[in-house]
$ cat final_3.txt   # compact mmCIF, C-alpha atoms
# COMPACT_ATOMS: atom_id res chain seq x y z
CA MET A 46 0.00 0.00 0.00
CA THR A 47 2.65 2.35 0.96
CA GLN A 48 4.64 1.58 -2.05
CA ALA A 49 1.75 2.20 -4.38
CA SER A 50 0.89 5.60 -3.04
CA THR A 51 4.49 6.63 -3.26
CA ASP A 52 4.61 5.83 -6.94
CA LYS A 53 1.54 8.02 -7.76
CA GLN A 54 3.01 11.40 -6.44
CA PRO A 55 5.70 11.91 -9.05
CA GLY A 56 3.24 11.36 -11.79
CA LYS A 57 1.11 14.32 -10.66
CA LYS A 58 4.11 16.69 -10.63
CA VAL A 59 4.94 15.80 -14.21
CA ARG A 60 1.46 16.62 -15.40
CA ARG A 61 1.53 20.15 -13.80
CA MET A 62 4.92 21.29 -15.35
CA PRO A 63 3.58 22.48 -18.77
CA TRP A 64 1.07 24.79 -17.07
CA ILE A 65 3.74 26.41 -14.96
CA MET A 66 6.08 27.05 -17.91
CA GLY A 67 3.26 28.55 -20.01
CA GLY A 68 2.32 30.98 -17.23
CA GLY A 69 5.93 32.16 -16.83
CA LEU A 70 6.22 32.85 -20.54
CA VAL A 71 3.09 34.99 -20.46
CA LEU A 72 4.48 37.06 -17.57
CA VAL A 73 7.75 37.68 -19.48
CA MET A 74 5.88 38.84 -22.57
CA VAL A 75 3.72 41.19 -20.48
CA ALA A 76 6.83 42.70 -18.85
CA VAL A 77 8.55 43.25 -22.22
CA GLY A 78 5.41 44.91 -23.57
CA LEU A 79 5.22 47.26 -20.61
CA TYR A 80 8.92 48.16 -21.09
CA PHE A 81 8.42 49.10 -24.75
CA VAL A 82 5.26 51.06 -23.92
CA ARG A 83 7.10 53.09 -21.30
CA SER A 84 10.12 53.67 -23.64
CA SER A 85 7.86 54.91 -26.41
CA SER A 86 6.03 57.27 -24.09
CA GLY A 87 9.38 58.63 -22.77
CA GLN A 88 10.64 59.28 -26.28
CA ALA A 89 7.41 60.97 -27.19
CA GLU A 90 7.70 63.26 -24.17
CA ASP A 91 11.36 64.11 -25.02
CA SER A 92 10.47 64.97 -28.60
CA GLU A 93 7.97 67.65 -27.57
CA PRO A 94 9.33 71.30 -28.17
CA THR A 95 10.57 73.25 -25.15
CA GLU A 96 8.85 76.53 -24.64
CA THR A 97 11.87 78.27 -22.82
CA VAL A 98 14.61 79.71 -25.22
CA GLU A 99 18.14 80.41 -23.82
CA CYS A 100 19.28 84.04 -24.51
CA ILE A 101 22.91 85.09 -24.89
CA PRO A 102 23.93 87.84 -22.41
CA VAL A 103 25.48 90.87 -24.14
CA VAL A 104 26.74 94.38 -23.33
CA ILE A 105 25.82 97.21 -25.66
CA THR A 106 26.82 100.81 -26.38
CA HIS A 107 25.61 103.53 -28.70
CA PRO A 108 27.72 104.85 -31.61
CA GLU A 109 29.15 108.34 -31.20
CA LYS A 110 30.07 111.01 -33.71
CA ARG A 111 33.74 111.78 -33.17
CA LEU A 112 36.70 113.37 -34.89
CA PHE A 113 38.89 110.56 -36.19
CA GLU A 114 42.40 111.42 -37.33
CA ARG A 115 45.29 109.74 -39.08
CA THR A 116 48.45 110.67 -37.26
CA LEU A 117 52.17 109.94 -37.29
CA VAL A 118 53.50 109.43 -33.78
CA THR A 119 57.18 110.08 -33.25
CA GLN A 120 59.70 111.63 -30.89
CA GLY A 121 61.55 114.89 -31.33
CA ASN A 122 63.59 117.50 -29.52
CA VAL A 123 63.24 121.06 -28.29
CA GLU A 124 65.92 123.36 -29.69
CA ALA A 125 66.59 127.06 -29.35
CA LYS A 126 65.78 128.99 -32.50
CA TYR A 127 68.82 131.24 -32.08
CA VAL A 128 72.14 129.86 -30.85
CA ALA A 129 75.51 131.66 -30.80
CA LEU A 130 78.85 129.88 -30.46
CA VAL A 131 81.15 132.76 -29.53
CA SER A 132 84.88 132.50 -30.21
CA PRO A 133 87.68 135.13 -30.16
CA ARG A 134 87.96 137.34 -33.23
CA ILE A 135 91.74 137.50 -32.92
CA PRO A 136 94.20 135.06 -31.33
CA GLY A 137 95.47 135.80 -27.85
CA ILE A 138 95.51 134.79 -24.23
CA LEU A 139 92.09 134.93 -22.56
CA GLU A 140 92.62 137.53 -19.84
CA ASN A 141 89.08 137.57 -18.49
CA ILE A 142 85.85 135.60 -18.86
CA ALA A 143 83.06 137.67 -17.38
CA VAL A 144 80.13 135.20 -17.47
CA GLU A 145 79.24 131.83 -15.98
CA GLU A 146 76.90 129.11 -17.21
CA GLY A 147 73.30 130.13 -16.54
CA ASP A 148 73.95 133.88 -16.72
CA VAL A 149 71.49 135.97 -18.70
CA VAL A 150 73.14 138.17 -21.34
CA ILE A 151 71.87 141.07 -23.46
CA ALA A 152 72.89 141.56 -27.07
CA GLY A 153 75.35 144.44 -27.56
CA HIS A 154 75.73 145.13 -23.83
CA THR A 155 76.99 142.15 -21.82
CA LEU A 156 80.78 141.59 -21.76
CA LEU A 157 81.65 137.95 -22.37
CA PHE A 158 85.47 137.79 -22.33
CA GLN A 159 88.68 139.67 -23.21
CA THR A 160 91.94 138.63 -24.84
CA ASP A 161 95.43 140.09 -24.40
CA ALA A 162 95.36 143.70 -25.68
CA VAL A 163 98.88 145.06 -24.97
CA LYS A 164 100.27 144.36 -28.42
CA LEU A 165 97.21 145.76 -30.11
CA GLU A 166 97.24 148.90 -27.99
CA GLN A 167 100.79 149.55 -29.22
CA ALA A 168 99.69 148.90 -32.76
CA VAL A 169 97.05 151.59 -32.37
CA LEU A 170 99.65 154.06 -31.08
CA ILE A 171 101.93 153.33 -34.04
CA ALA A 172 99.05 153.77 -36.46
CA GLU A 173 98.16 157.09 -34.83
CA HIS A 174 101.79 158.29 -35.16
CA ASP A 175 101.92 157.24 -38.81
CA LEU A 176 98.76 159.18 -39.43
CA SER A 177 100.25 162.28 -37.79
CA VAL A 178 103.37 162.03 -39.99
CA VAL A 179 101.28 161.76 -43.12
CA ARG A 180 99.19 164.74 -42.12
CA CYS A 181 102.39 166.77 -41.67
CA ALA A 182 103.57 165.65 -45.10
CA GLN A 183 100.22 166.71 -46.50
CA ARG A 184 100.59 170.22 -45.10
CA GLN A 185 104.15 170.43 -46.51
CA ALA A 186 103.02 169.29 -49.96
CA GLU A 187 100.14 171.75 -49.98
CA ALA A 188 102.51 174.61 -48.97
CA ASN A 189 104.94 173.65 -51.71
CA LEU A 190 102.08 173.64 -54.18
CA GLU A 191 101.13 177.17 -53.17
CA LYS A 192 104.76 178.31 -53.73
CA VAL A 193 104.88 176.64 -57.14
CA VAL A 194 101.60 178.26 -58.11
CA ALA A 195 103.02 181.68 -57.19
CA ASP A 196 106.23 181.04 -59.15
CA LEU A 197 104.17 179.86 -62.11
CA HIS A 198 102.10 182.99 -62.06
CA LYS A 199 105.24 185.17 -62.06
CA GLY A 200 106.79 183.08 -64.80
CA GLU A 201 103.66 183.44 -66.91
CA LEU A 202 103.78 187.27 -66.59
CA ASP A 203 107.49 187.34 -67.54
CA TYR A 204 106.90 185.05 -70.51
CA LYS A 205 104.10 187.24 -71.85
CA ARG A 206 106.22 190.39 -71.42
CA PHE A 207 109.16 188.90 -73.30
CA GLU A 208 106.73 187.69 -75.93
CA ARG A 209 105.63 191.29 -76.53
CA LEU A 210 109.25 192.48 -76.58
CA MET A 211 110.09 189.83 -79.12
CA THR A 212 107.20 191.01 -81.25
CA HIS A 213 108.66 194.54 -81.28
CA LYS A 214 112.24 193.30 -81.79
CA ALA A 215 113.17 194.72 -78.36
CA THR A 216 114.98 191.54 -77.19
CA THR A 217 117.03 188.83 -78.71
CA GLN A 218 115.79 185.41 -79.68
CA ASP A 219 118.09 183.71 -77.18
CA VAL A 220 116.78 185.69 -74.20
CA PHE A 221 113.19 184.98 -75.23
CA GLU A 222 113.84 181.26 -75.53
CA GLN A 223 115.44 181.22 -72.05
CA GLN A 224 112.37 182.91 -70.61
CA GLU A 225 110.11 180.49 -72.43
CA SER A 226 112.06 177.51 -71.07
CA ARG A 227 111.86 178.89 -67.53
CA TYR A 228 108.06 179.19 -67.86
CA GLN A 229 107.70 175.64 -69.09
CA GLN A 230 109.77 174.37 -66.16
CA GLN A 231 107.49 176.24 -63.77
CA GLN A 232 104.46 174.56 -65.36
CA ALA A 233 106.11 171.17 -64.87
CA MET A 234 106.89 172.03 -61.24
CA HIS A 235 103.25 172.91 -60.74
CA LYS A 236 102.17 169.51 -62.01
CA LEU A 237 104.75 167.82 -59.77
CA ALA A 238 103.53 169.73 -56.73
CA GLN A 239 99.94 168.71 -57.50
CA ALA A 240 101.02 165.04 -57.81
CA GLN A 241 102.84 165.27 -54.48
CA VAL A 242 99.71 166.60 -52.81
CA ALA A 243 97.63 163.80 -54.33
CA LEU A 244 100.18 161.22 -53.14
CA VAL A 245 100.11 162.57 -49.62
CA VAL A 246 96.31 162.52 -49.64
CA ALA A 247 96.39 158.83 -50.64
CA GLN A 248 98.93 158.13 -47.93
CA LEU A 249 96.64 159.93 -45.50
CA HIS A 250 93.73 157.65 -46.43
CA GLN A 251 95.99 154.62 -46.06
CA ALA A 252 97.13 155.74 -42.61
CA GLU A 253 93.54 156.36 -41.56
CA ALA A 254 92.55 152.89 -42.72
CA ALA A 255 95.49 151.35 -40.85
CA LEU A 256 94.44 153.20 -37.72
CA THR A 257 90.85 151.99 -38.14
CA ILE A 258 92.02 148.38 -38.48
CA ALA A 259 94.29 148.71 -35.44
CA GLN A 260 91.42 150.17 -33.43
CA LYS A 261 89.12 147.42 -34.63
CA ASP A 262 91.62 144.74 -33.63
CA LEU A 263 91.93 146.36 -30.24
CA SER A 264 88.15 146.48 -29.82
CA ASP A 265 87.94 142.83 -30.88
CA THR A 266 89.86 141.86 -27.78
CA THR A 267 86.66 142.67 -25.90
CA VAL A 268 83.83 140.35 -26.98
CA ILE A 269 80.23 141.44 -26.33
CA ALA A 270 77.19 139.15 -26.43
CA PRO A 271 75.94 138.94 -30.06
CA ILE A 272 72.43 137.76 -29.05
CA SER A 273 70.28 137.93 -25.95
CA GLY A 274 69.78 134.70 -24.06
CA VAL A 275 71.36 132.42 -21.48
CA VAL A 276 74.92 131.14 -21.30
CA SER A 277 74.40 127.39 -21.72
CA GLU A 278 78.05 126.28 -21.92
CA ARG A 279 81.52 127.69 -21.18
CA PHE A 280 84.38 125.91 -22.95
CA ARG A 281 87.49 127.86 -21.85
CA GLU A 282 89.03 129.35 -18.71
CA PRO A 283 91.13 132.52 -18.20
CA GLY A 284 94.76 131.99 -19.15
CA GLU A 285 94.02 129.61 -22.00
CA MET A 286 94.85 130.49 -25.58
CA GLY A 287 91.93 131.90 -27.49
CA THR A 288 91.76 131.13 -31.21
CA PRO A 289 89.26 132.27 -33.82
CA GLY A 290 86.87 129.43 -34.60
CA LYS A 291 87.26 127.71 -31.22
CA GLU A 292 84.24 128.47 -29.02
CA VAL A 293 84.58 130.02 -25.61
CA ILE A 294 80.91 130.65 -24.81
CA LYS A 295 77.62 129.17 -26.04
CA ILE A 296 74.49 131.35 -25.81
CA GLU A 297 70.95 130.09 -26.43
CA ASP A 298 67.86 132.27 -26.73
CA THR A 299 65.32 130.28 -24.69
CA SER A 300 62.48 132.72 -25.35
CA LEU A 301 61.93 131.27 -28.83
CA VAL A 302 62.28 127.52 -29.28
CA GLU A 303 61.68 125.02 -32.06
CA VAL A 304 60.11 121.58 -31.76
CA CYS A 305 62.00 119.44 -34.27
CA ALA A 306 61.22 115.94 -35.54
CA PHE A 307 62.03 113.65 -38.45
CA LEU A 308 59.20 112.02 -40.41
CA PRO A 309 59.27 109.18 -42.98
CA ALA A 310 59.59 110.22 -46.61
CA THR A 311 56.19 108.69 -47.41
CA ALA A 312 54.52 111.61 -45.59
CA TYR A 313 56.48 114.34 -47.38
CA ARG A 314 53.67 115.32 -49.78
CA GLU A 315 51.03 115.41 -47.05
CA VAL A 316 52.90 117.83 -44.77
CA ILE A 317 52.09 121.44 -45.70
CA VAL A 318 53.96 124.31 -44.06
CA GLY A 319 51.60 126.69 -42.29
CA GLN A 320 48.71 124.18 -42.33
CA THR A 321 49.69 120.78 -40.96
CA LYS A 322 49.34 120.52 -37.19
CA MET A 323 51.21 118.47 -34.65
CA ARG A 324 50.36 117.81 -31.02
CA VAL A 325 53.33 118.20 -28.70
CA THR A 326 53.98 116.89 -25.20
CA VAL A 327 57.24 117.73 -23.41
CA LEU A 328 58.10 115.98 -20.15
CA GLY A 329 54.42 115.46 -19.40
CA ILE A 330 53.52 119.07 -20.27
CA ASP A 331 50.83 119.26 -22.95
CA LEU A 332 51.73 122.07 -25.34
CA GLY A 333 48.62 121.58 -27.46
CA GLU A 334 48.60 121.87 -31.23
CA GLN A 335 51.48 123.55 -33.03
CA THR A 336 51.56 124.52 -36.69
CA ILE A 337 54.48 123.21 -38.73
CA ALA A 338 56.54 126.26 -39.70
CA TYR A 339 59.36 124.51 -41.54
CA LYS A 340 59.74 121.44 -43.75
CA SER A 341 63.12 120.36 -45.04
CA PRO A 342 63.41 121.11 -48.77
CA THR A 343 65.09 117.75 -49.30
CA ILE A 344 64.73 114.15 -48.11
CA ASP A 345 67.71 112.41 -46.56
CA SER A 346 68.72 109.83 -49.17
CA ARG A 347 70.21 107.48 -46.57
CA LEU A 348 67.58 107.53 -43.84
CA ARG A 349 64.59 108.37 -46.11
CA THR A 350 63.37 110.96 -43.64
CA PHE A 351 62.82 114.72 -43.63
CA GLU A 352 62.77 117.30 -40.84
CA VAL A 353 59.86 119.42 -39.67
CA LYS A 354 59.82 122.23 -37.09
CA SER A 355 57.31 124.34 -35.24
CA LEU A 356 58.02 127.59 -33.37
CA MET A 357 57.00 128.40 -29.82
CA GLN A 358 57.34 131.85 -28.26
CA ASP A 359 57.94 132.02 -24.50
CA PRO A 360 57.52 128.29 -23.72
CA PRO A 361 56.16 127.35 -20.27
CA VAL A 362 58.43 126.65 -17.34
CA GLY A 363 60.00 123.22 -17.68
CA VAL A 364 60.25 123.31 -21.47
CA ALA A 365 63.89 123.92 -22.31
CA PRO A 366 66.21 123.24 -25.25
CA GLY A 367 67.38 119.66 -25.29
CA ALA A 368 64.16 118.17 -23.90
CA MET A 369 62.63 115.14 -25.65
CA THR A 370 59.13 115.55 -27.04
CA GLN A 371 56.27 113.22 -27.91
CA ILE A 372 54.76 114.35 -31.23
CA ALA A 373 51.66 113.33 -33.14
CA VAL A 374 51.53 114.86 -36.62
CA VAL A 375 47.95 115.08 -37.88
CA LEU A 376 47.94 114.09 -41.56
CA ASP A 377 44.19 113.75 -42.04
CA GLY A 378 41.00 114.01 -39.99
CA ARG A 379 37.25 113.74 -40.40
CA GLU A 380 34.17 113.72 -38.13
CA THR A 381 32.09 110.57 -38.48
CA TRP A 382 30.22 107.89 -36.51
CA GLY A 383 32.32 105.45 -34.59
CA VAL A 384 32.04 102.43 -32.27
CA PRO A 385 34.41 100.78 -29.80
CA VAL A 386 37.09 98.75 -31.57
CA GLN A 387 35.97 95.47 -29.95
CA ALA A 388 32.51 95.81 -31.51
CA VAL A 389 33.90 95.14 -34.99
CA GLN A 390 34.63 91.55 -36.04
CA ILE A 391 35.98 90.04 -39.24
CA ARG A 392 33.73 87.29 -40.57
CA ASN A 393 34.16 85.79 -44.00
CA GLY A 394 36.57 88.56 -44.88
CA GLN A 395 34.06 91.33 -43.98
CA SER A 396 33.90 93.78 -41.10
CA VAL A 397 30.62 93.26 -39.22
CA ILE A 398 28.88 94.51 -36.10
CA PHE A 399 25.80 93.23 -34.27
CA VAL A 400 22.91 95.61 -33.63
CA VAL A 401 20.22 94.79 -31.08
CA GLU A 402 16.68 94.86 -32.48
CA GLY A 403 14.06 93.86 -29.95
CA GLN A 404 15.10 90.61 -28.28
CA SER A 405 17.57 89.53 -30.99
CA VAL A 406 20.50 90.91 -32.97
CA ARG A 407 21.04 91.72 -36.61
CA LYS A 408 24.43 91.39 -38.28
CA LYS A 409 25.45 94.47 -40.29
CA VAL A 410 28.37 94.72 -42.71
CA VAL A 411 30.34 97.96 -42.28
CA GLU A 412 33.48 99.63 -43.63
CA THR A 413 35.92 101.02 -41.10
CA GLY A 414 38.41 103.86 -41.17
CA TYR A 415 40.76 105.40 -38.60
CA THR A 416 41.21 104.09 -35.06
CA GLN A 417 41.61 106.53 -32.19
CA ASN A 418 41.44 106.20 -28.39
CA GLY A 419 39.86 102.74 -28.54
CA TRP A 420 37.20 103.75 -31.09
CA ILE A 421 37.06 103.02 -34.81
CA SER A 422 35.31 105.11 -37.45
CA LEU A 423 32.57 103.69 -39.68
CA THR A 424 32.86 105.04 -43.20
CA GLN A 425 29.91 103.01 -44.47
CA GLY A 426 27.13 101.10 -42.76
CA ASP A 427 24.25 103.50 -42.02
CA ILE A 428 24.87 103.55 -38.25
CA THR A 429 23.75 106.34 -35.89
CA ASP A 430 23.44 106.88 -32.16
CA SER A 431 19.93 105.38 -32.28
CA HIS A 432 21.43 101.91 -32.69
CA SER A 433 22.54 99.63 -29.86
CA VAL A 434 25.79 97.93 -30.82
CA VAL A 435 27.03 94.81 -29.02
CA THR A 436 30.47 95.32 -27.51
CA LEU A 437 30.69 92.24 -25.25
CA GLY A 438 29.38 88.78 -26.03
CA GLN A 439 29.46 89.34 -29.78
CA TYR A 440 31.75 86.36 -30.43
CA GLN A 441 28.89 83.98 -29.54
CA LEU A 442 26.39 85.71 -31.82
CA ASP A 443 25.09 85.17 -35.28
CA ASP A 444 22.40 86.93 -37.26
CA GLY A 445 19.02 86.62 -35.47
CA ALA A 446 20.42 85.22 -32.23
CA PRO A 447 18.29 85.97 -29.10
CA VAL A 448 20.04 88.13 -26.53
CA SER A 449 19.55 89.60 -23.08
CA ILE A 450 21.12 92.98 -22.36
CA GLN A 451 23.19 92.96 -19.20
CA GLN A 452 24.34 96.57 -19.15
CA GLY A 453 25.06 99.47 -21.45
CA GLU A 454 28.51 101.02 -21.79
CA LYS A 455 28.73 104.82 -21.58
$ encode --input "final_3.txt" --output "structure tokens"
Amino acid sequence: MTQASTDKQPGKKVRRMPWIMGGGLVLVMVAVGLYFVRSSSGQAEDSEPTETVECIPVVITHPEKRLFERTLVTQGNVEAKYVALVSPRIPGILENIAVEEGDVVIAGHTLLFQTDAVKLEQAVLIAEHDLSVVRCAQRQAEANLEKVVADLHKGELDYKRFERLMTHKATTQDVFEQQESRYQQQQAMHKLAQAQVALVVAQLHQAEAALTIAQKDLSDTTVIAPISGVVSERFREPGEMGTPGKEVIKIEDTSLVEVCAFLPATAYREVIVGQTKMRVTVLGIDLGEQTIAYKSPTIDSRLRTFEVKSLMQDPPVGVAPGAMTQIAVVLDGRETWGVPVQAVQIRNGQSVIFVVEGQSVRKKVVETGYTQNGWISLTQGDITDSHSVVTLGQYQLDDGAPVSIQQGEK
């Protein structure tokens, strides 16, 4: 009995196995179906358009009408317009130098220095004595001429009397010829006396000229300031030998100075004397605009540069000859609309800016000109101060991009 019942139990388990396997398969299929349904619904939700659009933050500014200029920036120097390098007029020992560096001198009045004058003083005395001797000789020659004139007059009367006697046969031919010869000799003596007077007069002029030269040489030992100004350098000391052509004193007139600079030859045609301006700064002192008063008539063939100068009367304190200058020569200028330099980009070989219109931007092609103080001129592009130009954030933009304005530059 027991054995029989034991054999029946395994048979029942075998009959139930197909039902269990079929139910498990149904559950798996249901789970897979649910998974695909959920995946499809998720994809459908993801594919729906998002209502919120992300805006690009930008900073804007308004164009301004400014004067844009094309300039040449260079360095130059301040120089005195009038400079005198004073040397002795005649050689000699420098006996006295009356000025020091920094002294103010006046033309025609201030004594600069003196050279040894003893020899020249003696030369003047000798010339004066020579002139006195010639004047004495002149008086002697004139007195002799007066005597000869008197003798000639008497000889002429005697000759005419003997001529009348000869006409009336009251004298011999020999006596008449002797009287005639005496009269001719007196005429010759008169001419000689006149020549002697003329010679003495010429000698007198020569002696006067020699005296003038000696006096001039003596006066040249004392050298007076040729121009008004300031003694900027002193090259010699008393006791040294002074020689013509070797400077002793340098004088500079600091009341009238020149601002000098050299420009490239390419700008030669554009620089016009009396019209072209240049802005000058000396040691931090702004001297404003100066008009070019001089342009070199030639271009240096080695350096390919030319010199320009402007004049300045009574420069301010601190501006002195020798100072370095910062110069900006204005070659061209025009007033036009401009924007900050960073607002302009190069895209596809064109200069463009982005203008805010409503909540988005529009790309505009422009043509640019001169750059000055961080701004660039717009020569074409129909831009005015009514536009809002993007100056920060523009590198992320394209035409029609939505934007949000963060702040506006002033």
$ residues_around --input "final_3.txt" --residues "Gly200 in chain A" --least-positions-apart "2" --cutoff "9 Å" --atoms "only C-alpha atoms" --output "list in words"
Ala195, Asp196, Leu197, His198, Leu202, Asp203, Tyr204, Lys205, Gln224, Glu225, Arg227, Tyr228, Gln229, Gln231 and Gln232 of chain A
$ residues_around --input "final_3.txt" --residues "Thr424 in chain A" --least-positions-apart "6" --cutoff "9 Å" --atoms "all atoms listed in the file" --output "list of chain:residue names"
A:Thr381, A:Trp382, A:Gly383, A:Val411, A:Glu412, A:Thr413, A:Gly414
$ residues_around --input "final_3.txt" --residues "range 125-127 of chain A" --least-positions-apart "5" --cutoff "10 Å" --atoms "all atoms listed in the file" --output "PyMOL selection string"
chain A and resi 272-274+296-304+356-358+365-367
$ residues_around --input "final_3.txt" --residues "Arg134 in chain A" --least-positions-apart "5" --cutoff "12 Å" --atoms "all atoms listed in the file" --output "list in words"
Leu139, Phe158, Gln159, Thr160, Asp161, Lys261, Asp262, Leu263, Ser264, Asp265, Thr266, Thr267, Val268, Ile269, Gly287, Thr288, Pro289, Gly290, Lys291, Glu292 and Val293 of chain A
$ write_last_selection --input "final_3.txt" --atoms "C-alpha atoms" --output "compact mmCIF listing (two decimals), in the coordinates of the input"
# COMPACT_ATOMS: atom_id res chain seq x y z
CA LEU A 139 92.09 134.93 -22.56
CA PHE A 158 85.47 137.79 -22.33
CA GLN A 159 88.68 139.67 -23.21
CA THR A 160 91.94 138.63 -24.84
CA ASP A 161 95.43 140.09 -24.40
CA LYS A 261 89.12 147.42 -34.63
CA ASP A 262 91.62 144.74 -33.63
CA LEU A 263 91.93 146.36 -30.24
CA SER A 264 88.15 146.48 -29.82
CA ASP A 265 87.94 142.83 -30.88
CA THR A 266 89.86 141.86 -27.78
CA THR A 267 86.66 142.67 -25.90
CA VAL A 268 83.83 140.35 -26.98
CA ILE A 269 80.23 141.44 -26.33
CA GLY A 287 91.93 131.90 -27.49
CA THR A 288 91.76 131.13 -31.21
CA PRO A 289 89.26 132.27 -33.82
CA GLY A 290 86.87 129.43 -34.60
CA LYS A 291 87.26 127.71 -31.22
CA GLU A 292 84.24 128.47 -29.02
CA VAL A 293 84.58 130.02 -25.61
$ closest_residue --input "final_3.txt" --among "A:Leu176, A:Ile151, A:Ala446, A:Val242" --to "Leu256 in chain A" --atoms "all atoms listed in the file"
A:Leu176
$ atom_distance --input "final_3.txt" --atom1 "CA of Glu109 in chain A" --atom2 "CA of Val384 in chain A"
6.7 Å
$ closest_residue --input "final_3.txt" --among "A:Val179, A:Ala233, A:Met369, A:Leu308" --to "Val246 in chain A" --atoms "only C-alpha atoms"
A:Val179
$ decode --input "final_3.txt" --residues "range 178-190 of chain A" --atoms "N, CA and C atoms" --output "PDB file, in the first residue's frame"
ATOM      1  N   VAL A 178     102.277 161.737 -39.046  1.00  0.00           N
ATOM      2  CA  VAL A 178     103.368 162.034 -39.986  1.00  0.00           C
ATOM      3  C   VAL A 178     102.812 162.330 -41.373  1.00  0.00           C
ATOM      4  N   VAL A 179     101.848 161.550 -41.800  1.00  0.00           N
ATOM      5  CA  VAL A 179     101.275 161.761 -43.122  1.00  0.00           C
ATOM      6  C   VAL A 179     100.539 163.092 -43.182  1.00  0.00           C
ATOM      7  N   ARG A 180      99.883 163.457 -42.120  1.00  0.00           N
ATOM      8  CA  ARG A 180      99.187 164.738 -42.124  1.00  0.00           C
ATOM      9  C   ARG A 180     100.190 165.911 -42.213  1.00  0.00           C
ATOM     10  N   CYS A 181     101.345 165.746 -41.543  1.00  0.00           N
ATOM     11  CA  CYS A 181     102.386 166.768 -41.673  1.00  0.00           C
ATOM     12  C   CYS A 181     102.900 166.843 -43.114  1.00  0.00           C
ATOM     13  N   ALA A 182     103.117 165.681 -43.723  1.00  0.00           N
ATOM     14  CA  ALA A 182     103.573 165.655 -45.104  1.00  0.00           C
ATOM     15  C   ALA A 182     102.529 166.276 -46.026  1.00  0.00           C
ATOM     16  N   GLN A 183     101.271 166.089 -45.683  1.00  0.00           N
ATOM     17  CA  GLN A 183     100.224 166.706 -46.495  1.00  0.00           C
ATOM     18  C   GLN A 183     100.307 168.233 -46.432  1.00  0.00           C
ATOM     19  N   ARG A 184     100.499 168.761 -45.223  1.00  0.00           N
ATOM     20  CA  ARG A 184     100.591 170.220 -45.105  1.00  0.00           C
ATOM     21  C   ARG A 184     101.808 170.752 -45.862  1.00  0.00           C
ATOM     22  N   GLN A 185     102.938 170.015 -45.786  1.00  0.00           N
ATOM     23  CA  GLN A 185     104.149 170.428 -46.506  1.00  0.00           C
ATOM     24  C   GLN A 185     103.905 170.420 -48.021  1.00  0.00           C
ATOM     25  N   ALA A 186     103.286 169.376 -48.525  1.00  0.00           N
ATOM     26  CA  ALA A 186     103.024 169.293 -49.958  1.00  0.00           C
ATOM     27  C   ALA A 186     102.071 170.396 -50.409  1.00  0.00           C
ATOM     28  N   GLU A 187     101.080 170.697 -49.602  1.00  0.00           N
ATOM     29  CA  GLU A 187     100.142 171.754 -49.975  1.00  0.00           C
ATOM     30  C   GLU A 187     100.839 173.127 -49.983  1.00  0.00           C
ATOM     31  N   ALA A 188     101.764 173.342 -48.997  1.00  0.00           N
ATOM     32  CA  ALA A 188     102.511 174.614 -48.971  1.00  0.00           C
ATOM     33  C   ALA A 188     103.428 174.737 -50.189  1.00  0.00           C
ATOM     34  N   ASN A 189     104.068 173.643 -50.527  1.00  0.00           N
ATOM     35  CA  ASN A 189     104.943 173.655 -51.714  1.00  0.00           C
ATOM     36  C   ASN A 189     104.138 173.938 -52.973  1.00  0.00           C
ATOM     37  N   LEU A 190     102.932 173.390 -53.031  1.00  0.00           N
ATOM     38  CA  LEU A 190     102.081 173.642 -54.180  1.00  0.00           C
ATOM     39  C   LEU A 190     101.723 175.128 -54.283  1.00  0.00           C
TER      40      LEU A 190
END
